[in-house]
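So the structure is just underneath, and the comments pick up after that.
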Amino acid sequence: MATLRFSSRPWAAFLFVLGLICVLLSPAVAVKENDFKKCEQSGFCKRNRAYADNVASHGSAWASPYKVLPEQVSFKDGSLNAIVLKAIDDQGATVELPLTVSFLKSGTARVTVDEKLRQQKSIELRHGSQARKERYNEAEGWAIVGGLDVDSEATIASQGDAGIKITYGPNAAFEADITYSPFTVAFKRDGVTQVKLNDRGFMNMEHWRPKLEKTTKPEGEESGEGNTSEPAPSNDESTWWDETFGGNTDSKPRGPESVALDITFHGYEHVYGIPEHTGPMSLRETRGGEGNFEEPYRLYNSDVFEYILNSPMTLYGAIPFMQAQRKDSTVGVFWLNAAETWVDITKAKEAKNPLALGIGAKTNTHTHWISESGLMDIFVFLGPSPRDVLKSYTELTGTTAMPQEFAIGYHQCRWNYVSDDDVKEVDRKFDKFNIPYDVIWLDIEYTDDKKYFTWQSDMFKDPISMGEQLDAHGRKLVTIIDPHIKNVGGYHVSDELKSKGLAVKNKEGKDFDGWCWPGSSHWIDAFNPAAIEWWTSLFKYASFKGTMKNTFVWNDMNEPSVFNGPEVTMPKDNLHHGGWEHRDVHNINGMTFHNATYTALLSREKGELRRPFVLTRSFYSGSQRLGAMWTGDNQASWEHLGAAVPMILAQGISGFPFAGADVGGFFGNPELDLQARWFQAGAFYPFFRGHAHIDARRREPYLLAEPHRSIITAALRLRYALLPAWYTAFFHANQDGSPIVRPMYWTHPSEEAGFDIDDQFFVGSTGLLVKPVVEKDKTSADIFIPDDELYFDYFTYKKLATHKGKHVTVDAPLESIPVLMRGGHIFPRRDIPRRSSQLMKFDDYTLVVVIGKDGKAEGELYVDDGDSFDYESGQFVHKTFTLDGSTFTSANAGGRDASSVKKGSWLKQFDNVAVDKIIFVNAPSKWSSKKEVEIESGGNKTPVSLDFHKAEGGRAAFAVLGRVGAKISADFSVDFS
Ligand code: NOJ
């Protein structure tokens, strides 16, 4: 892709040639890294790291210059208000920073610090800037959708001159212990400090100041001595004002304004989250040392092509939410800030008893959060379980939207399918080879000269007939629509964007012009409600001709990617709706565009209201409400295949679980085994899409010779058979934010040995434990077993010799995927192979009951029409299945009385869907004498045959009941006694 990214300007072409020479002379990774800032090159990051070093070098002699004024502290209805005074010199000058600490009903606490002068807009901007004067305070408006109700039960436990203690949360088990001088907040659970803000005194809120044109520095400024002045390194004025990187100068009209804070997780050794990065799920230390990074984790949404692995470098999206884990306890913080952010992580042993030489020492994880601008706004979650933390976080930021059902099937993409005939042919070929898929995608080449909402009419002569052919097989089309709009007269989208004044502005207030796929372009400012309304109008079927009800959308390049911009994005002094600088909102930008498209797809003609499907590359906290994400431009290498699982797991535990990676790898041509292994892994990504770069060879699964074609077909069929289980997992994600694929620490927070395992996962609550093979020529897998349950091979029912905390090795020749079934679970399946998920909608079910150690099992099925919002008014079926000793029962979940629901057309048709068979793995030997059992449903008893297979050669005993015939939506039971 890099080869297409040059502007027409001569200097850009020159730089391109120079770049190419560098690429040829040095390892590719170095070039990419140098396109992006290191902390040292980002003024505010450099200053804050220096500040931290200076504080640390003072040891206990250091006192943070931030103090709460005791006389101004007030506490009412679950909220504390106060002023934090920041001492800014030795003469007693201070800056007032209004502080609010609110205690929310969910048990979450929120700490917000603003700057009074900025609130009052009593500052001057340099360079005649038209930007807003306040600190950016609208991140909440984009990221947060609920959970802000304040807990009026929160009470003052004690108050004095030194501080105040507030008890709050479930059973008043939480406490916020606020000390005034210096300002710190310790969050305790059951009396024990879990999370502490400003623990090490790194808090630094760079206040507004006018630029003084000085020739010499005032006396004393360099010393940094005295406990109340800022340490000298943060007074490094060289990075306060206009800053240049890669030939671009940022005018910084407000000067230095960063917010930084250290947050300690007391007694926690593992921290997770803050995607998007490559590297292990359990985040590494960032201050050097063996095995550690030298750089902080960076969050600054960027188009990092050919990104490198195992790096804290920023990627396309940002979720500033971190969880910390120790045995039996999880806590978390959400740093609500949309500006460029860096996070340093270090870990230190703290001996309980200094004489014990480290025995019994606990590890504290220290984090240091540094953002360029905006409020200091932190949410603290005290768990105690991973589920509690994620539930509280998603109460604030929202949960995964219930997906279009097709969206969890397989997506076939490449850059590009070149014509409507090409699409039709690919569609036919999938059918010819009996390979299921749901969606075919069109990348940018389908447009007329990269003008979105148009078709390249020579190649796409009849998009409707293409859409109709797809529809006949229950398939969909996704077209790409990017946020850059070609700057050319006579193109209605561009003309309207300009005439309506809906584009992002440059620092002079003119439409910002930059370079992207179409050449000179403008960018829609999706922060503007009027822009969303206009964007919505463009997607109407009558407006975007050639689209149909089975057309959905892909939003790419929304970081935004600007080829000739600083760090491949917009200048930070660009202006958005409301006068906010791009600097303030950068990390939210992608979400606003995703949101505009989501809004547009809700209804594309009068009377229509359907679930949108929009894939996004850039994201922020809250993007999970709008669709799916993928991990961008990976490579067709084994290393990238391995890197995808931790990235997808990190998304899941960070509230945005509808995630996937380009199957097969975007850049390059995967060797056959790699492609097969990638499909096997992809079959267990929540978002499952094959994609390839324009220069990559065609690699649709049917093109492969045997055995690879069959291997891939089997992986796809497995995905399709398990779609009911996946959909049920999505339902849970939608209900309480649970990840769809779940790492070991999340499912087993007591099992420390699993805390840094990130190459295997459970699928929802199915008990399916998957470990994709990601190494070349590897024919076995070592799977970590997190508990004492029984585990069986998914395909053979072989009972594995498992022990808690140990690994079990399973054979995994190329044709097989290591999938285990954990005892105690029941999961639904649909076993008839079909061409697409839509054609399976009314197929009967198979239930797989994996009987656990105690002879029991339980599981669920959630199903609805997979398309509308009718589930919100009761048009769904949600069953729980239990095998309790000798009785199998299917009943409505939560005791729901579904009889009162007036059935719509889907529910009526679904009433005919039945259970075909029930497979009992690890069936008790006493069932061996039974040939028949009775199914009771609605007072009727029906005999059904039971086919028992005794244990043999390591394989567990199993029994197949069927044909069952009971309606899946009805309650029924089977008595085995
Ligand atoms: C960048 C995206 O990451 C990639 O998936 C896409 O194919 C190209 N843009 C072209 O649209």
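Letters A, B, ... go to the chains of the structure tokens in the order shown; residues in each chain start at 1; ligands are counted from 1 in the same order.
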Listing only residues of chain A within 9 Å of ligand 1, what is the closest atom pair and its distance in Å (to one decimal) for each, using only C-alpha atoms and all ligand atoms, sorted by chain and residue number ascending, as JSON lines?
```
{"residue": "A:Met1", "atom": "CA", "partner": "ligand 1", "partner_atom_place_in_ligand_line": "8 (C)", "distance": 7.2}
{"residue": "A:Asp303", "atom": "CA", "partner": "ligand 1", "partner_atom_place_in_ligand_line": "3 (O)", "distance": 7.9}
{"residue": "A:Phe305", "atom": "CA", "partner": "ligand 1", "partner_atom_place_in_ligand_line": "3 (O)", "distance": 7.8}
{"residue": "A:Cys413", "atom": "CA", "partner": "ligand 1", "partner_atom_place_in_ligand_line": "7 (O)", "distance": 8.6}
{"residue": "A:Arg414", "atom": "CA", "partner": "ligand 1", "partner_atom_place_in_ligand_line": "7 (O)", "distance": 6.8}
{"residue": "A:Trp415", "atom": "CA", "partner": "ligand 1", "partner_atom_place_in_ligand_line": "7 (O)", "distance": 5.0}
{"residue": "A:Asn416", "atom": "CA", "partner": "ligand 1", "partner_atom_place_in_ligand_line": "7 (O)", "distance": 7.8}
{"residue": "A:Leu442", "atom": "CA", "partner": "ligand 1", "partner_atom_place_in_ligand_line": "11 (O)", "distance": 9.0}
{"residue": "A:Asp443", "atom": "CA", "partner": "ligand 1", "partner_atom_place_in_ligand_line": "11 (O)", "distance": 5.3}
{"residue": "A:Ile444", "atom": "CA", "partner": "ligand 1", "partner_atom_place_in_ligand_line": "11 (O)", "distance": 5.0}
{"residue": "A:Glu445", "atom": "CA", "partner": "ligand 1", "partner_atom_place_in_ligand_line": "11 (O)", "distance": 8.0}
{"residue": "A:Ile480", "atom": "CA", "partner": "ligand 1", "partner_atom_place_in_ligand_line": "11 (O)", "distance": 7.3}
{"residue": "A:Ile481", "atom": "CA", "partner": "ligand 1", "partner_atom_place_in_ligand_line": "11 (O)", "distance": 9.0}
{"residue": "A:Asp482", "atom": "CA", "partner": "ligand 1", "partner_atom_place_in_ligand_line": "11 (O)", "distance": 8.2}
{"residue": "A:Trp517", "atom": "CA", "partner": "ligand 1", "partner_atom_place_in_ligand_line": "11 (O)", "distance": 8.2}
{"residue": "A:Asp556", "atom": "CA", "partner": "ligand 1", "partner_atom_place_in_ligand_line": "2 (C)", "distance": 6.0}
{"residue": "A:Met557", "atom": "CA", "partner": "ligand 1", "partner_atom_place_in_ligand_line": "1 (C)", "distance": 6.3}
{"residue": "A:Arg617", "atom": "CA", "partner": "ligand 1", "partner_atom_place_in_ligand_line": "3 (O)", "distance": 7.0}
{"residue": "A:Trp630", "atom": "CA", "partner": "ligand 1", "partner_atom_place_in_ligand_line": "3 (O)", "distance": 8.7}
{"residue": "A:Thr631", "atom": "CA", "partner": "ligand 1", "partner_atom_place_in_ligand_line": "3 (O)", "distance": 8.3}
{"residue": "A:Gly632", "atom": "CA", "partner": "ligand 1", "partner_atom_place_in_ligand_line": "3 (O)", "distance": 4.6}
{"residue": "A:Asp633", "atom": "CA", "partner": "ligand 1", "partner_atom_place_in_ligand_line": "3 (O)", "distance": 4.9}
{"residue": "A:Asn634", "atom": "CA", "partner": "ligand 1", "partner_atom_place_in_ligand_line": "3 (O)", "distance": 8.6}
{"residue": "A:Asp662", "atom": "CA", "partner": "ligand 1", "partner_atom_place_in_ligand_line": "5 (O)", "distance": 7.9}
{"residue": "A:Phe666", "atom": "CA", "partner": "ligand 1", "partner_atom_place_in_ligand_line": "5 (O)", "distance": 7.1}
{"residue": "A:His691", "atom": "CA", "partner": "ligand 1", "partner_atom_place_in_ligand_line": "5 (O)", "distance": 7.1}
{"residue": "A:Ala692", "atom": "CA", "partner": "ligand 1", "partner_atom_place_in_ligand_line": "7 (O)", "distance": 6.9}
{"residue": "A:His693", "atom": "CA", "partner": "ligand 1", "partner_atom_place_in_ligand_line": "7 (O)", "distance": 5.8}
{"residue": "A:Ile694", "atom": "CA", "partner": "ligand 1", "partner_atom_place_in_ligand_line": "7 (O)", "distance": 7.3}
```
Excluding same-chain residues fewer than 6 positions from A:Ile345, what lies within 8 Å of it counting only C-alpha atoms, as a PyMOL selection string? chain A and resi 284-287+296+365-368
Store the residues of this selection in a file with N, CA and C atoms, as an mmCIF file, in the first residue's frame.
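Ended up saving to result.cif:
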```cif
data_model
loop_
_atom_site.group_PDB
_atom_site.id
_atom_site.type_symbol
_atom_site.label_atom_id
_atom_site.label_comp_id
_atom_site.auth_asym_id
_atom_site.auth_seq_id
_atom_site.Cartn_x
_atom_site.Cartn_y
_atom_site.Cartn_z
ATOM 1 N N ARG A 284 3.681 -5.466 28.905
ATOM 2 C CA ARG A 284 5.070 -5.495 29.367
ATOM 3 C C ARG A 284 5.456 -4.173 30.008
ATOM 4 N N GLU A 285 6.554 -4.215 30.743
ATOM 5 C CA GLU A 285 7.096 -2.981 31.294
ATOM 6 C C GLU A 285 7.696 -2.147 30.163
ATOM 7 N N THR A 286 7.746 -0.852 30.382
ATOM 8 C CA THR A 286 8.103 0.044 29.275
ATOM 9 C C THR A 286 9.285 0.962 29.579
ATOM 10 N N ARG A 287 9.966 0.703 30.658
ATOM 11 C CA ARG A 287 11.076 1.587 30.989
ATOM 12 C C ARG A 287 12.417 0.863 30.862
ATOM 13 N N PRO A 296 6.917 3.913 26.024
ATOM 14 C CA PRO A 296 5.588 3.685 26.596
ATOM 15 C C PRO A 296 4.634 3.145 25.530
ATOM 16 N N THR A 365 2.083 -2.908 40.318
ATOM 17 C CA THR A 365 2.273 -2.424 38.950
ATOM 18 C C THR A 365 2.011 -0.930 38.947
ATOM 19 N N HIS A 366 3.032 -0.208 38.499
ATOM 20 C CA HIS A 366 2.937 1.245 38.431
ATOM 21 C C HIS A 366 2.659 1.655 36.988
ATOM 22 N N THR A 367 1.699 2.515 36.814
ATOM 23 C CA THR A 367 1.432 3.010 35.462
ATOM 24 C C THR A 367 1.493 4.529 35.479
ATOM 25 N N HIS A 368 1.830 5.095 34.361
ATOM 26 C CA HIS A 368 1.960 6.542 34.247
ATOM 27 C C HIS A 368 1.257 6.936 32.959
#
```
Selected residue of minimal separation from A:Gly627 among A:Ser816, A:Thr193, A:Thr728, A:Thr400, counting only C-alpha atoms: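 Smallest distance to A:Gly627 is found for A:Thr400.
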Determine the nearest neighbour of A:Ala324 from the options A:Asp870, A:Tyr307, A:Trp534, A:Ile653, counting only C-alpha atoms. A:Ile653
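When only C-alpha atoms are used to measure the gap to A:Arg49, the shortest distance among A:Trp342, A:Tyr180, A:Tyr620, A:Trp240 belongs to A:Trp342.
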Atom-to-atom span, atom CA of A:Ser74 and atom CA of A:Arg189, Å: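 Computing the Euclidean distance for atom CA of A:Ser74 and atom CA of A:Arg189 yields 23.3 Å.
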Please list as a count of residues only every residue within 8 Å of A:Gly147, counting only C-alpha atoms and excluding residues in the same chain fewer than 5 positions away. 6
Counting only C-alpha atoms, the residue of A:Glu134, A:Asp793, A:Glu706, A:Asp844 that sits nearest A:Phe433: A:Glu706
Within 9 Å of A:Gly954, counting only C-alpha atoms, which residues show up once you throw out same-chain ones fewer than 2 positions away? Write them as a PyMOL selection string, please. chain A and resi 797-800+951-952+956
Correct to one decimal, the distance atom CA of A:Val111-atom CA of A:Asp344 is 20.2 Å
Non-local contacts of A:Arg709 (12 Å; only C-alpha atoms; under 3 positions in same chain excluded) as number ranges by chain: A: 430, 433-435, 672-673, 675-677, 679-680, 699-706, 712-716, 814-815
Excluding A:Met821 and any residue of its chain fewer than 6 positions from it, enumerate the residues within 8 Å of it, using only C-alpha atoms, and give them as a ChimeraX atom specification. /A:767-769,791-794,850
So, with only C-alpha atoms as the atoms that count, which of A:Ser905, A:Ser302, A:Ser122, A:Thr846 lies closest to A:Phe920?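 So, comparing all the options, the nearest one is A:Thr846.
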Sel. of helix (DSSP H, G or I) residues, stretch 379-432 of chain A, as a PyMOL selection string: chain A and resi 386-397+405-408+420-432
The selected residues should be written to file as an mmCIF file, in the first residue's frame (atoms: C-alpha atoms).
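Final file, part_32.cif:
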```cif
data_model
loop_
_atom_site.group_PDB
_atom_site.id
_atom_site.type_symbol
_atom_site.label_atom_id
_atom_site.label_comp_id
_atom_site.auth_asym_id
_atom_site.auth_seq_id
_atom_site.Cartn_x
_atom_site.Cartn_y
_atom_site.Cartn_z
ATOM 1 C CA PRO A 386 -12.994 -9.613 35.564
ATOM 2 C CA ARG A 387 -16.683 -9.900 34.777
ATOM 3 C CA ASP A 388 -17.551 -7.170 37.306
ATOM 4 C CA VAL A 389 -14.937 -4.819 35.902
ATOM 5 C CA LEU A 390 -16.019 -5.285 32.305
ATOM 6 C CA LYS A 391 -19.667 -5.006 33.256
ATOM 7 C CA SER A 392 -19.042 -1.677 34.964
ATOM 8 C CA TYR A 393 -16.936 -0.402 32.079
ATOM 9 C CA THR A 394 -19.548 -1.368 29.496
ATOM 10 C CA GLU A 395 -22.328 0.103 31.596
ATOM 11 C CA LEU A 396 -20.558 3.367 30.867
ATOM 12 C CA THR A 397 -19.409 2.887 27.296
ATOM 13 C CA GLU A 405 -26.571 -12.597 11.992
ATOM 14 C CA PHE A 406 -24.762 -12.855 8.657
ATOM 15 C CA ALA A 407 -21.946 -10.784 10.118
ATOM 16 C CA ILE A 408 -20.749 -13.695 12.225
ATOM 17 C CA ASP A 420 -19.731 -7.262 -11.027
ATOM 18 C CA ASP A 421 -19.023 -10.301 -13.182
ATOM 19 C CA ASP A 422 -15.998 -11.067 -11.036
ATOM 20 C CA VAL A 423 -18.167 -10.956 -7.907
ATOM 21 C CA LYS A 424 -20.779 -13.199 -9.517
ATOM 22 C CA GLU A 425 -18.120 -15.660 -10.579
ATOM 23 C CA VAL A 426 -16.570 -15.836 -7.123
ATOM 24 C CA ASP A 427 -20.033 -16.366 -5.702
ATOM 25 C CA ARG A 428 -20.705 -19.197 -8.138
ATOM 26 C CA LYS A 429 -17.364 -20.824 -7.431
ATOM 27 C CA PHE A 430 -18.011 -20.954 -3.695
ATOM 28 C CA ASP A 431 -21.222 -22.791 -4.520
ATOM 29 C CA LYS A 432 -19.585 -25.086 -7.007
#
```
Measuring between only C-alpha atoms, which one of A:Ala893, A:Ile968, A:Leu575, A:Met466 shows the shortest distance to A:Asn912?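 The shortest atom-to-atom distance to A:Asn912 comes from A:Ile968.
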Within 8 Å of A:Gly642, counting only C-alpha atoms, which residues qualify if same-chain residues fewer than 6 places away don't, as a list in words? Asp759, Val774 and Glu775 of chain A
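The space separating atom CA of A:Tyr297 from atom CA of A:Glu115 comes to 26.4 Å.
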Going by DSSP on the backbone, which bits of stretch 370-514 of chain A are strand (DSSP E or B)? Write them as a list of chain:residue names, please. A:Ile370, A:Ser371, A:Met376, A:Asp377, A:Ile378, A:Phe379, A:Val380, A:Phe381, A:Tyr410, A:His411, A:Gln412, A:Val439, A:Ile440, A:Trp441, A:Leu442, A:Asp448, A:Lys451, A:Lys476, A:Leu477, A:Val478, A:Thr479, A:Ile480, A:His484, A:Ile485, A:Lys486, A:Ala503, A:Lys505, A:Asp511, A:Gly514
So that I have them on file, write out the residues from the current selection with N, CA, C and O atoms, as an mmCIF file, in the first residue's frame.
```cif
data_model
loop_
_atom_site.group_PDB
_atom_site.id
_atom_site.type_symbol
_atom_site.label_atom_id
_atom_site.label_comp_id
_atom_site.auth_asym_id
_atom_site.auth_seq_id
_atom_site.Cartn_x
_atom_site.Cartn_y
_atom_site.Cartn_z
ATOM 1 N N ILE A 370 -0.179 9.673 30.285
ATOM 2 C CA ILE A 370 0.237 11.000 29.819
ATOM 3 C C ILE A 370 -0.576 11.351 28.567
ATOM 4 O O ILE A 370 -0.458 10.673 27.544
ATOM 5 N N SER A 371 -1.404 12.393 28.660
ATOM 6 C CA SER A 371 -2.170 12.809 27.480
ATOM 7 C C SER A 371 -1.818 14.236 27.114
ATOM 8 O O SER A 371 -1.489 15.046 27.985
ATOM 9 N N MET A 376 -8.427 15.783 33.006
ATOM 10 C CA MET A 376 -8.018 14.546 33.670
ATOM 11 C C MET A 376 -9.328 13.905 34.128
ATOM 12 O O MET A 376 -10.086 14.517 34.884
ATOM 13 N N ASP A 377 -9.621 12.743 33.603
ATOM 14 C CA ASP A 377 -10.939 12.150 33.850
ATOM 15 C C ASP A 377 -10.749 10.632 33.952
ATOM 16 O O ASP A 377 -10.487 9.965 32.945
ATOM 17 N N ILE A 378 -10.874 10.123 35.166
ATOM 18 C CA ILE A 378 -10.528 8.711 35.390
ATOM 19 C C ILE A 378 -11.684 8.002 36.082
ATOM 20 O O ILE A 378 -12.229 8.511 37.062
ATOM 21 N N PHE A 379 -11.995 6.829 35.580
ATOM 22 C CA PHE A 379 -12.974 5.964 36.247
ATOM 23 C C PHE A 379 -12.203 4.808 36.881
ATOM 24 O O PHE A 379 -11.314 4.237 36.243
ATOM 25 N N VAL A 380 -12.574 4.480 38.101
ATOM 26 C CA VAL A 380 -11.874 3.400 38.807
ATOM 27 C C VAL A 380 -12.884 2.295 39.134
ATOM 28 O O VAL A 380 -13.940 2.555 39.721
ATOM 29 N N PHE A 381 -12.527 1.081 38.719
ATOM 30 C CA PHE A 381 -13.405 -0.078 38.927
ATOM 31 C C PHE A 381 -12.737 -1.015 39.930
ATOM 32 O O PHE A 381 -11.579 -1.401 39.730
ATOM 33 N N TYR A 410 -18.796 -16.202 7.450
ATOM 34 C CA TYR A 410 -17.497 -15.913 6.816
ATOM 35 C C TYR A 410 -17.644 -14.804 5.774
ATOM 36 O O TYR A 410 -18.609 -14.782 5.004
ATOM 37 N N HIS A 411 -16.654 -13.894 5.766
ATOM 38 C CA HIS A 411 -16.631 -12.771 4.825
ATOM 39 C C HIS A 411 -15.483 -12.977 3.839
ATOM 40 O O HIS A 411 -14.338 -13.197 4.256
ATOM 41 N N GLN A 412 -15.775 -12.862 2.574
ATOM 42 C CA GLN A 412 -14.738 -13.009 1.553
ATOM 43 C C GLN A 412 -14.411 -11.638 0.959
ATOM 44 O O GLN A 412 -15.258 -11.004 0.342
ATOM 45 N N VAL A 439 -20.664 -13.147 2.940
ATOM 46 C CA VAL A 439 -20.520 -11.765 2.476
ATOM 47 C C VAL A 439 -19.344 -11.659 1.528
ATOM 48 O O VAL A 439 -18.273 -12.197 1.806
ATOM 49 N N ILE A 440 -19.540 -10.948 0.436
ATOM 50 C CA ILE A 440 -18.403 -10.621 -0.430
ATOM 51 C C ILE A 440 -18.221 -9.110 -0.392
ATOM 52 O O ILE A 440 -19.186 -8.364 -0.284
ATOM 53 N N TRP A 441 -16.946 -8.693 -0.427
ATOM 54 C CA TRP A 441 -16.629 -7.281 -0.154
ATOM 55 C C TRP A 441 -16.030 -6.589 -1.365
ATOM 56 O O TRP A 441 -15.274 -7.194 -2.130
ATOM 57 N N LEU A 442 -16.350 -5.309 -1.477
ATOM 58 C CA LEU A 442 -15.746 -4.488 -2.527
ATOM 59 C C LEU A 442 -14.869 -3.421 -1.893
ATOM 60 O O LEU A 442 -15.341 -2.594 -1.104
ATOM 61 N N ASP A 448 -15.862 5.034 -8.954
ATOM 62 C CA ASP A 448 -15.371 5.817 -10.076
ATOM 63 C C ASP A 448 -14.301 6.755 -9.525
ATOM 64 O O ASP A 448 -14.614 7.732 -8.836
ATOM 65 N N LYS A 451 -14.292 7.990 -5.852
ATOM 66 C CA LYS A 451 -15.376 8.873 -5.405
ATOM 67 C C LYS A 451 -16.431 7.964 -4.783
ATOM 68 O O LYS A 451 -17.116 7.220 -5.494
ATOM 69 N N LYS A 476 -24.623 -11.327 1.156
ATOM 70 C CA LYS A 476 -24.585 -9.868 1.264
ATOM 71 C C LYS A 476 -23.360 -9.322 0.549
ATOM 72 O O LYS A 476 -22.380 -10.040 0.297
ATOM 73 N N LEU A 477 -23.435 -8.014 0.343
ATOM 74 C CA LEU A 477 -22.311 -7.290 -0.258
ATOM 75 C C LEU A 477 -21.897 -6.199 0.724
ATOM 76 O O LEU A 477 -22.762 -5.537 1.305
ATOM 77 N N VAL A 478 -20.606 -6.034 0.910
ATOM 78 C CA VAL A 478 -20.120 -4.887 1.697
ATOM 79 C C VAL A 478 -19.300 -4.004 0.769
ATOM 80 O O VAL A 478 -18.408 -4.488 0.065
ATOM 81 N N THR A 479 -19.622 -2.724 0.752
ATOM 82 C CA THR A 479 -18.834 -1.779 -0.047
ATOM 83 C C THR A 479 -18.070 -0.859 0.894
ATOM 84 O O THR A 479 -18.574 -0.484 1.955
ATOM 85 N N ILE A 480 -16.879 -0.499 0.481
ATOM 86 C CA ILE A 480 -16.066 0.389 1.322
ATOM 87 C C ILE A 480 -16.493 1.842 1.096
ATOM 88 O O ILE A 480 -16.813 2.241 -0.026
ATOM 89 N N HIS A 484 -12.474 10.300 3.461
ATOM 90 C CA HIS A 484 -11.898 11.355 2.630
ATOM 91 C C HIS A 484 -12.755 11.485 1.378
ATOM 92 O O HIS A 484 -13.122 10.492 0.759
ATOM 93 N N ILE A 485 -13.051 12.697 1.023
ATOM 94 C CA ILE A 485 -13.941 12.942 -0.115
ATOM 95 C C ILE A 485 -13.142 13.659 -1.191
ATOM 96 O O ILE A 485 -12.578 14.733 -0.943
ATOM 97 N N LYS A 486 -13.120 13.058 -2.356
ATOM 98 C CA LYS A 486 -12.292 13.607 -3.452
ATOM 99 C C LYS A 486 -12.648 15.069 -3.709
ATOM 100 O O LYS A 486 -13.818 15.418 -3.877
ATOM 101 N N ALA A 503 -17.009 19.988 6.238
ATOM 102 C CA ALA A 503 -15.679 19.364 6.250
ATOM 103 C C ALA A 503 -14.875 19.826 7.454
ATOM 104 O O ALA A 503 -15.134 20.889 8.025
ATOM 105 N N LYS A 505 -11.882 21.584 9.234
ATOM 106 C CA LYS A 505 -11.211 22.821 8.812
ATOM 107 C C LYS A 505 -9.732 22.804 9.215
ATOM 108 O O LYS A 505 -9.346 22.162 10.197
ATOM 109 N N ASP A 511 -11.591 24.785 4.568
ATOM 110 C CA ASP A 511 -11.700 23.326 4.432
ATOM 111 C C ASP A 511 -10.308 22.724 4.344
ATOM 112 O O ASP A 511 -9.514 23.108 3.474
ATOM 113 N N GLY A 514 -6.116 17.526 2.129
ATOM 114 C CA GLY A 514 -5.003 16.596 2.320
ATOM 115 C C GLY A 514 -5.021 15.559 1.214
ATOM 116 O O GLY A 514 -5.837 15.622 0.291
#
```
